[in-house]
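Structure file input.cif; described as mmCIF, C-alpha atoms.
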data_upload
#
loop_
_atom_site.label_atom_id
_atom_site.label_comp_id
_atom_site.auth_asym_id
_atom_site.auth_seq_id
_atom_site.Cartn_x
_atom_site.Cartn_y
_atom_site.Cartn_z
CA MET A 15 -1.31 6.95 -27.35
CA ALA A 16 -4.09 9.22 -26.25
CA GLY A 17 -7.82 9.43 -25.86
CA GLU A 18 -9.75 6.19 -26.16
CA GLN A 19 -6.57 4.18 -26.75
CA MET A 20 -5.54 4.64 -23.10
CA LYS A 21 -8.87 3.47 -21.68
CA PRO A 22 -8.09 -0.30 -21.84
CA VAL A 23 -4.65 0.31 -20.34
CA ALA A 24 -6.13 2.34 -17.50
CA SER A 25 -8.80 -0.33 -16.94
CA LEU A 26 -6.23 -3.11 -16.74
CA LEU A 27 -4.02 -1.16 -14.35
CA LEU A 28 -7.02 -0.24 -12.19
CA VAL A 29 -8.02 -3.90 -11.78
CA LEU A 30 -4.42 -5.00 -11.22
CA ASN A 31 -3.81 -2.31 -8.60
CA PHE A 32 -7.08 -3.07 -6.83
CA CYS A 33 -6.16 -6.76 -6.55
CA MET A 34 -2.70 -5.94 -5.23
CA TYR A 35 -4.08 -3.44 -2.69
CA VAL A 36 -6.53 -6.08 -1.44
CA ILE A 37 -3.66 -8.56 -1.01
CA VAL A 38 -1.67 -5.91 0.89
CA LEU A 39 -4.70 -5.37 3.14
CA GLY A 40 -5.01 -9.10 3.77
CA ILE A 41 -1.36 -9.53 4.75
CA GLY A 42 -1.33 -6.28 6.71
CA GLY A 43 -4.46 -7.33 8.58
CA TRP A 44 -2.82 -10.65 9.44
CA ALA A 45 0.31 -8.86 10.71
CA MET A 46 -1.72 -6.40 12.79
CA ASN A 47 -3.80 -9.20 14.28
CA ARG A 48 -0.67 -11.20 15.11
CA ALA A 49 0.95 -8.17 16.75
CA ILE A 50 -2.13 -7.55 18.88
CA ASP A 51 -2.38 -11.21 19.92
CA HIS A 52 1.34 -11.81 20.51
CA GLY A 53 2.74 -8.41 21.48
CA PHE A 54 4.32 -7.59 24.82
CA GLU A 55 2.61 -8.98 27.86
CA ILE A 56 3.92 -7.41 31.04
CA ALA A 57 2.37 -8.82 34.21
CA GLY A 58 3.41 -8.21 37.77
CA PRO A 59 4.69 -5.18 39.68
CA ASP A 60 8.40 -6.03 39.35
CA LEU A 61 8.47 -6.46 35.55
CA LYS A 62 9.58 -3.46 33.48
CA LEU A 63 9.48 -2.55 29.82
CA PRO A 64 12.59 -3.37 27.78
CA ALA A 65 15.05 -0.52 27.25
CA HIS A 66 14.27 -0.31 23.51
CA PHE A 67 10.50 -0.72 23.81
CA SER A 68 8.48 0.40 20.81
CA PRO A 69 4.74 1.00 21.13
CA ILE A 70 4.48 -0.43 17.62
CA TYR A 71 5.91 -3.88 18.31
CA PHE A 72 5.54 -6.70 15.81
CA PRO A 73 6.95 -10.03 17.00
CA MET A 74 7.53 -11.40 13.49
CA GLY A 75 9.74 -8.70 12.09
CA ASN A 76 12.30 -6.04 12.96
CA ALA A 77 12.24 -2.44 14.22
CA ALA A 78 10.72 -1.12 10.97
CA THR A 79 7.95 -3.72 10.74
CA GLY A 80 5.39 -1.86 12.84
CA PHE A 81 5.70 1.33 10.84
CA PHE A 82 5.74 -0.61 7.58
CA VAL A 83 2.54 -2.50 8.42
CA VAL A 84 0.67 0.60 9.60
CA PHE A 85 1.51 2.61 6.48
CA ALA A 86 0.91 -0.39 4.22
CA LEU A 87 -2.58 -0.70 5.69
CA LEU A 88 -3.22 3.01 5.12
CA ALA A 89 -1.96 2.77 1.55
CA GLY A 90 -4.07 -0.35 0.97
CA VAL A 91 -7.29 1.23 2.25
CA VAL A 92 -6.81 4.47 0.32
CA GLY A 93 -5.65 2.60 -2.79
CA ALA A 94 -8.64 0.25 -2.78
CA ALA A 95 -10.98 3.17 -2.13
CA SER A 96 -9.46 5.19 -4.97
CA THR A 97 -10.68 2.55 -7.40
CA ILE A 98 -14.25 3.80 -6.83
CA SER A 99 -13.50 7.14 -8.47
CA GLY A 100 -11.29 5.29 -10.93
CA LEU A 101 -14.17 3.06 -12.01
CA SER A 102 -16.41 6.09 -12.39
CA HIS A 103 -13.80 7.77 -14.56
CA ILE A 104 -13.27 4.66 -16.70
CA ARG A 105 -17.03 4.39 -17.29
CA SER A 106 -17.49 8.00 -18.38
CA TRP A 107 -13.93 8.70 -19.64
CA THR A 108 -14.48 12.46 -19.72
CA VAL A 109 -12.45 15.45 -18.65
CA GLY A 110 -15.05 16.11 -15.93
CA SER A 111 -14.40 12.81 -14.16
CA LEU A 112 -10.61 13.08 -14.41
CA PRO A 113 -9.87 15.32 -11.37
CA ALA A 114 -11.46 12.98 -8.80
CA ALA A 115 -9.82 9.88 -10.26
CA ALA A 116 -6.41 11.52 -10.63
CA ALA A 117 -6.46 13.12 -7.17
CA SER A 118 -7.47 9.96 -5.32
CA ALA A 119 -4.98 7.87 -7.31
CA THR A 120 -2.22 10.37 -6.54
CA ILE A 121 -2.98 10.31 -2.81
CA ALA A 122 -2.95 6.50 -2.88
CA TRP A 123 0.35 6.57 -4.77
CA THR A 124 2.02 8.91 -2.27
CA LEU A 125 0.92 6.71 0.65
CA THR A 126 2.20 3.69 -1.27
CA LEU A 127 5.56 5.42 -1.71
CA LEU A 128 5.68 6.14 2.01
CA ALA A 129 4.96 2.49 2.83
CA MET A 130 7.53 1.45 0.23
CA GLY A 131 10.14 3.55 2.04
CA PHE A 132 9.46 1.58 5.22
CA ALA A 133 9.59 -1.62 3.16
CA TRP A 134 13.11 -0.74 2.02
CA LYS A 135 14.12 -0.06 5.63
CA GLU A 136 12.65 -3.38 6.68
CA ILE A 137 14.58 -5.11 3.88
CA GLU A 138 17.77 -3.42 5.07
CA LEU A 139 17.25 -4.69 8.63
CA HIS A 140 16.75 -8.27 7.35
CA VAL A 141 14.74 -10.20 10.00
CA ARG A 142 11.20 -10.79 8.64
CA ASN A 143 9.00 -13.65 7.50
CA ALA A 144 7.74 -14.69 4.06
CA ARG A 145 4.41 -12.87 4.36
CA LEU A 146 6.12 -9.59 5.12
CA ARG A 147 8.50 -10.12 2.19
CA THR A 148 5.45 -10.69 -0.02
CA MET A 149 3.84 -7.46 1.18
CA GLU A 150 7.11 -5.59 0.56
CA ALA A 151 7.21 -6.90 -3.01
CA PHE A 152 3.59 -5.93 -3.67
CA LEU A 153 4.15 -2.39 -2.39
CA ILE A 154 7.27 -1.95 -4.48
CA ILE A 155 5.39 -3.16 -7.58
CA LEU A 156 2.37 -0.99 -6.69
CA SER A 157 4.55 2.11 -6.51
CA VAL A 158 5.25 1.65 -10.22
CA THR A 159 1.86 0.38 -11.43
CA GLN A 160 -0.04 3.10 -9.55
CA LEU A 161 2.14 5.74 -11.23
CA LEU A 162 1.46 4.13 -14.62
CA TYR A 163 -2.27 4.19 -13.85
CA ILE A 164 -2.08 7.91 -13.02
CA ALA A 165 -0.38 8.52 -16.35
CA ALA A 166 -2.94 6.38 -18.19
CA VAL A 167 -6.00 8.17 -16.76
CA HIS A 168 -4.61 11.43 -18.06
CA GLY A 169 -5.15 10.06 -21.59
CA VAL A 170 -8.54 11.78 -21.80
CA ARG A 171 -8.75 14.41 -24.52
CA ARG A 172 -10.76 17.58 -24.32
CA PRO A 173 -13.72 17.70 -26.67
CA THR A 174 -12.98 19.74 -29.80
#

Using structure tokens, write down the structure from this file.
Amino acid sequence: MAGEQMKPVASLLLVLNFCMYVIVLGIGGWAMNRAIDHGFEIAGPDLKLPAHFSPIYFPMGNAATGFFVVFALLAGVVGAASTISGLSHIRSWTVGSLPAAAASATIAWTLTLLAMGFAWKEIELHVRNARLRTMEAFLIILSVTQLLYIAAVHGVRRPT
């Protein structure tokens, strides 16, 4: 498959990835808001920080949750933003629009892989709620579908 045959595949993957990145942003935003509202509250001169205090503390998960949520939010923002150049490339479907779409999609994919690594660590440590498990699943799926999208956008042929 090459040329115009890959355009519908790339379009479908672009829409699918955008929807999944928006869901990741929604869950990540919820987790960040919950951490800010319900994080450590130390009041009084005689109270001290716990021995294993982490500045990225999330009360609804484990030691990896804070890192996972932060990198998931970064991947979500960059992934959703990369759809702008992706849409432009799908509309024109030329070799000239390919570099911007491929570069932004590749950056989003690498951030997604980084967040997925923290997702695997969070899975290994067990304690987490259903929303975090959902975000882990979406990031694991996105690591594959974003790579497929990158391959699909390279289906543009040079004019002969």

Counting all atoms listed in the file, the residue of A:Leu162, A:Ala89, A:Leu139, A:Ala144 that sits nearest A:Thr126
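With all atoms listed in the file as the atom set, the closest residue is A:Ala89.
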
In Å to one decimal, how far is atom CA of A:Gly169 from atom CA of A:Gly131?
28.9 Å

Applied to this file, what does the PyMOL selection byres ((chain A and resi 79) around 12) return in terms of residues, put as an MDAnalysis selection string?
chainID A and resid 42 45:46 49 68:78 80:86 129:143 145:147 149:150

Convert the output of the PyMOL selection byres ((chain A and resi 115) around 9) on the shown file into explicit residues, formatted as an NGL selection string.
:A and (96-104 or 111-114 or 116-120 or 164 or 167)

Once you have the residues from the selection above, write them out as a CSV table (one decimal), in the frame of the given file, restricted to C-alpha atoms.
chain,number,residue,atom,x,y,z
A,96,SER,CA,-9.5,5.2,-5.0
A,97,THR,CA,-10.7,2.6,-7.4
A,98,ILE,CA,-14.2,3.8,-6.8
A,99,SER,CA,-13.5,7.1,-8.5
A,100,GLY,CA,-11.3,5.3,-10.9
A,101,LEU,CA,-14.2,3.1,-12.0
A,102,SER,CA,-16.4,6.1,-12.4
A,103,HIS,CA,-13.8,7.8,-14.6
A,104,ILE,CA,-13.3,4.7,-16.7
A,111,SER,CA,-14.4,12.8,-14.2
A,112,LEU,CA,-10.6,13.1,-14.4
A,113,PRO,CA,-9.9,15.3,-11.4
A,114,ALA,CA,-11.5,13.0,-8.8
A,116,ALA,CA,-6.4,11.5,-10.6
A,117,ALA,CA,-6.5,13.1,-7.2
A,118,SER,CA,-7.5,10.0,-5.3
A,119,ALA,CA,-5.0,7.9,-7.3
A,120,THR,CA,-2.2,10.4,-6.5
A,164,ILE,CA,-2.1,7.9,-13.0
A,167,VAL,CA,-6.0,8.2,-16.8

Atom-to-atom span, atom CA of A:Ile155 and atom CA of A:Asn31, Å:
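Between atom CA of A:Ile155 and atom CA of A:Asn31 the gap is 9.3 Å.
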
Counting only C-alpha atoms, the option among A:Leu28, A:Ile41, A:Met34, A:Met20 closest to A:Leu161:
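For A:Leu161, the nearest of the candidates is A:Leu28.
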
Closest of A:Val23, A:His168, A:Leu30, A:Trp44 to A:Val109, counting all atoms listed in the file, is A:His168

Which residue, A:Leu87, A:Val29, A:Glu18, A:Ile121, has the smallest gap to A:Thr159 when you use all atoms listed in the file?
A:Val29

With distances taken over only C-alpha atoms, which of A:Ala151, A:Ala95, A:Leu39, A:Val158 is nearest to A:Leu27?
A:Val158

Pick from A:Leu156, A:Trp123, A:Val36, A:Arg105 nearest to A:Pro22, counting only C-alpha atoms
A:Arg105

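As for atom CA of A:Leu26 and atom CA of A:Leu88, they are spaced 22.9 Å apart.
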